[in-house]
Amino acid sequence: MSKVSMTVNGKAVSGDVKGNTLLVEFLREDLRLTGTHVGCDTSQCGACTIHVNGKSAKACTMFAAEADGADITTVEGMANADGSLSVIQQAFQDHHGLQCGFCTPGMVMTAAALLKENPKPTEAEVRHYLEGNICRCTGYHNIVKAIMAASGQDVSAIAAE
Ligand code: FES
Ligand code: FES
């Protein structure tokens, strides 16, 4: 076991982890931040997407020890300070960007990373950026629409499902 310390959603946290403890396990099981989901454990589905030092990362592909000293944001850290939904979360709700919701935390974190890098993405750019996030329910159209809307663009011409 070794001690790790990091900042998660603005709070300093620490814990004892094994060398093979995944970051997603540390977040979910030690910190009880269960908004970060595990869909595959093999870096394919994107349900575990978080931000590490401001960049999106799949928490199932990192050991907790690798995140020692890092600044982590999970979906629990995405709401506004008053607890209301962030612009991206609200857009997912408004444009029906989710059905079962399993993929949604990862989608929200990926969308936030995209809009930070590219505040006004085209539809094609949104679809390309979502390549690492799988959704079994929605067919993606409403997710794309939600992200475009969150960027402040007119989405009235984008087909809904
Ligand atoms: S659980 Fe990490 S990519 Fe699927
Ligand atoms: S909403 Fe069900 S997996 Fe995306």
# chains A, B, ... in the order shown; residues from 1 in each chain; ligands from 1
>>> residues_near_ligand(ligand="ligand 2", cutoff="7 Å", atoms="only C-alpha atoms and all ligand atoms", output="list in words")
Leu98, Gln99, Cys100, Gly101, Phe102, Cys103, Thr104, Ile134, Cys135, Arg136, Cys137 and Thr138 of chain A
>>> residues_near_ligand(ligand="ligand 1", cutoff="7 Å", atoms="only C-alpha atoms and all ligand atoms", output="list in words")
His37, Val38, Gly39, Cys40, Asp41, Thr42, Ser43, Gln44, Cys45, Gly46, Ala47, Cys48, Thr49, Lys58, Ala59, Cys60 and Thr61 of chain A
>>> write_last_selection(atoms="N, CA and C atoms", output="PDB file, in the first residue's frame")
ATOM      1  N   HIS A  37     -18.715   6.247 -13.810  1.00  0.00           N
ATOM      2  CA  HIS A  37     -19.175   4.872 -14.027  1.00  0.00           C
ATOM      3  C   HIS A  37     -18.092   3.996 -14.642  1.00  0.00           C
ATOM      4  N   VAL A  38     -18.305   2.694 -14.525  1.00  0.00           N
ATOM      5  CA  VAL A  38     -17.420   1.709 -15.153  1.00  0.00           C
ATOM      6  C   VAL A  38     -18.274   0.876 -16.104  1.00  0.00           C
ATOM      7  N   GLY A  39     -18.007   1.026 -17.391  1.00  0.00           N
ATOM      8  CA  GLY A  39     -18.788   0.266 -18.369  1.00  0.00           C
ATOM      9  C   GLY A  39     -18.010  -0.866 -18.991  1.00  0.00           C
ATOM     10  N   CYS A  40     -16.688  -0.748 -19.007  1.00  0.00           N
ATOM     11  CA  CYS A  40     -15.920  -1.776 -19.723  1.00  0.00           C
ATOM     12  C   CYS A  40     -14.628  -2.134 -19.008  1.00  0.00           C
ATOM     13  N   ASP A  41     -13.995  -1.170 -18.363  1.00  0.00           N
ATOM     14  CA  ASP A  41     -12.709  -1.409 -17.699  1.00  0.00           C
ATOM     15  C   ASP A  41     -11.577  -1.623 -18.695  1.00  0.00           C
ATOM     16  N   THR A  42     -11.844  -1.410 -19.967  1.00  0.00           N
ATOM     17  CA  THR A  42     -10.809  -1.655 -20.973  1.00  0.00           C
ATOM     18  C   THR A  42     -10.608  -0.440 -21.880  1.00  0.00           C
ATOM     19  N   SER A  43     -10.954   0.734 -21.378  1.00  0.00           N
ATOM     20  CA  SER A  43     -10.661   1.983 -22.084  1.00  0.00           C
ATOM     21  C   SER A  43     -11.455   2.186 -23.368  1.00  0.00           C
ATOM     22  N   GLN A  44     -12.618   1.560 -23.455  1.00  0.00           N
ATOM     23  CA  GLN A  44     -13.389   1.695 -24.698  1.00  0.00           C
ATOM     24  C   GLN A  44     -14.647   2.537 -24.568  1.00  0.00           C
ATOM     25  N   CYS A  45     -15.334   2.481 -23.428  1.00  0.00           N
ATOM     26  CA  CYS A  45     -16.700   3.037 -23.396  1.00  0.00           C
ATOM     27  C   CYS A  45     -16.770   4.506 -22.991  1.00  0.00           C
ATOM     28  N   GLY A  46     -15.796   4.981 -22.236  1.00  0.00           N
ATOM     29  CA  GLY A  46     -15.788   6.387 -21.837  1.00  0.00           C
ATOM     30  C   GLY A  46     -16.690   6.733 -20.656  1.00  0.00           C
ATOM     31  N   ALA A  47     -17.363   5.735 -20.069  1.00  0.00           N
ATOM     32  CA  ALA A  47     -18.254   6.025 -18.946  1.00  0.00           C
ATOM     33  C   ALA A  47     -17.488   6.546 -17.727  1.00  0.00           C
ATOM     34  N   CYS A  48     -16.193   6.267 -17.701  1.00  0.00           N
ATOM     35  CA  CYS A  48     -15.366   6.645 -16.553  1.00  0.00           C
ATOM     36  C   CYS A  48     -14.604   7.951 -16.780  1.00  0.00           C
ATOM     37  N   THR A  49     -14.989   8.705 -17.800  1.00  0.00           N
ATOM     38  CA  THR A  49     -14.221   9.907 -18.151  1.00  0.00           C
ATOM     39  C   THR A  49     -14.278  10.961 -17.043  1.00  0.00           C
ATOM     40  N   LYS A  58      -9.584   8.744 -19.055  1.00  0.00           N
ATOM     41  CA  LYS A  58     -10.419   7.614 -18.657  1.00  0.00           C
ATOM     42  C   LYS A  58      -9.871   7.059 -17.345  1.00  0.00           C
ATOM     43  N   ALA A  59     -10.689   7.140 -16.310  1.00  0.00           N
ATOM     44  CA  ALA A  59     -10.216   6.789 -14.968  1.00  0.00           C
ATOM     45  C   ALA A  59      -9.971   5.293 -14.800  1.00  0.00           C
ATOM     46  N   CYS A  60     -10.404   4.486 -15.785  1.00  0.00           N
ATOM     47  CA  CYS A  60     -10.106   3.048 -15.711  1.00  0.00           C
ATOM     48  C   CYS A  60      -8.749   2.732 -16.324  1.00  0.00           C
ATOM     49  N   THR A  61      -8.113   3.740 -16.909  1.00  0.00           N
ATOM     50  CA  THR A  61      -6.824   3.473 -17.556  1.00  0.00           C
ATOM     51  C   THR A  61      -5.653   4.026 -16.759  1.00  0.00           C
TER      52      THR A  61
END
>>> select_by_dssp(residues="stretch 4-141 of chain A", states="strand (DSSP E)", output="list in words")
Val4, Ser5, Met6, Thr7, Val8, Lys11, Ala12, Val13, Ser14, Gly15, Asp16, Val17, Thr49, Ile50, His51, Val52, Lys55, Ser56, Ala57, Lys58, Asp71, Ile72 and Thr73 of chain A
>>> residues_around(residues="A:Thr122", least_positions_apart="4", cutoff="9 Å", atoms="only C-alpha atoms", output="PyMOL selection string")
chain A and resi 126-127+148
>>> select_by_dssp(residues="stretch 19-155 of chain A", states="alpha helix (DSSP H)", output="short mmCIF file (atom, residue, chain, number, x, y, z; two decimals) with C-alpha atoms, in the first residue's frame")
data_model
loop_
_atom_site.label_atom_id
_atom_site.label_comp_id
_atom_site.auth_asym_id
_atom_site.auth_seq_id
_atom_site.Cartn_x
_atom_site.Cartn_y
_atom_site.Cartn_z
CA LEU A 23 -8.10 5.61 -10.22
CA VAL A 24 -11.75 4.84 -10.92
CA GLU A 25 -11.79 2.35 -8.01
CA VAL A 87 -24.85 24.79 -18.74
CA ILE A 88 -23.76 21.45 -20.23
CA GLN A 89 -25.83 19.38 -17.79
CA GLN A 90 -28.87 21.58 -18.37
CA ALA A 91 -28.45 21.23 -22.14
CA PHE A 92 -28.43 17.42 -21.81
CA GLN A 93 -31.69 17.68 -19.88
CA ASP A 94 -33.27 20.19 -22.26
CA THR A 104 -24.01 10.51 -19.24
CA PRO A 105 -21.34 11.39 -16.66
CA GLY A 106 -18.64 10.49 -19.16
CA MET A 107 -20.44 12.35 -21.94
CA VAL A 108 -20.71 15.47 -19.78
CA MET A 109 -17.03 15.35 -18.87
CA THR A 110 -16.01 14.81 -22.49
CA ALA A 111 -18.28 17.63 -23.61
CA ALA A 112 -16.76 19.96 -21.04
CA ALA A 113 -13.26 19.10 -22.23
CA LEU A 114 -14.29 19.68 -25.85
CA LEU A 115 -15.89 23.06 -25.18
CA LYS A 116 -12.84 24.17 -23.22
CA GLU A 117 -10.60 23.36 -26.21
CA GLU A 123 -21.42 19.09 -35.50
CA ALA A 124 -18.71 17.01 -37.19
CA GLU A 125 -16.17 18.10 -34.57
CA VAL A 126 -18.53 17.12 -31.75
CA ARG A 127 -19.11 13.71 -33.28
CA HIS A 128 -15.38 13.20 -33.78
CA TYR A 129 -14.60 14.20 -30.18
CA HIS A 141 -28.10 12.73 -32.12
CA ASN A 142 -29.52 14.34 -29.00
CA ILE A 143 -26.15 14.21 -27.25
CA VAL A 144 -24.58 16.07 -30.15
CA LYS A 145 -27.46 18.53 -30.14
CA ALA A 146 -27.09 19.11 -26.40
CA ILE A 147 -23.38 19.82 -26.72
CA MET A 148 -23.95 22.19 -29.64
CA ALA A 149 -26.64 23.98 -27.60
CA ALA A 150 -24.32 24.19 -24.58
#
>>> atom_distance(atom1="atom CA of A:Val75", atom2="atom CA of A:Leu33")
8.7 Å
>>> atom_distance(atom1="atom CA of A:Val52", atom2="atom CA of A:Thr74")
9.0 Å
>>> atom_distance(atom1="atom CA of A:Ala57", atom2="atom CA of A:Asp71")
12.0 Å
>>> closest_residue(among="A:Ala70, A:Gly19, A:His96, A:Ala64", to="A:Leu31", atoms="only C-alpha atoms")
A:Ala64
>>> closest_atom_pairs(of="stretch 45-86 of chain A", to="stretch 5-12 of chain A", cutoff="12 Å", atoms="only C-alpha atoms", output="Markdown table")
| residue | atom | partner | partner_atom | distance |
| --- | --- | --- | --- | --- |
| A:Ile50 | CA | A:Val8 | CA | 10.4 |
| A:His51 | CA | A:Val8 | CA | 9.8 |
| A:Val52 | CA | A:Val8 | CA | 9.4 |
| A:Asn53 | CA | A:Thr7 | CA | 9.7 |
| A:Gly54 | CA | A:Asn9 | CA | 11.4 |
| A:Ala64 | CA | A:Ser5 | CA | 9.5 |
| A:Ala65 | CA | A:Ser5 | CA | 8.8 |
| A:Glu66 | CA | A:Met6 | CA | 10.2 |
| A:Ala67 | CA | A:Met6 | CA | 6.9 |
| A:Asp68 | CA | A:Ser5 | CA | 5.3 |
| A:Gly69 | CA | A:Met6 | CA | 4.6 |
| A:Ala70 | CA | A:Met6 | CA | 5.2 |
| A:Asp71 | CA | A:Thr7 | CA | 4.8 |
| A:Ile72 | CA | A:Val8 | CA | 4.7 |
| A:Thr73 | CA | A:Asn9 | CA | 4.9 |
| A:Thr74 | CA | A:Asn9 | CA | 6.6 |
| A:Val75 | CA | A:Asn9 | CA | 8.8 |
| A:Glu76 | CA | A:Asn9 | CA | 7.4 |
| A:Gly77 | CA | A:Asn9 | CA | 4.9 |
| A:Met78 | CA | A:Asn9 | CA | 8.3 |
| A:Ala79 | CA | A:Asn9 | CA | 10.4 |
| A:Asn80 | CA | A:Asn9 | CA | 11.8 |
| A:Ala81 | CA | A:Asn9 | CA | 11.2 |
>>> closest_residue(among="A:Gly132, A:Gly35, A:Phe63, A:Val4", to="A:Thr21", atoms="only C-alpha atoms")
A:Phe63
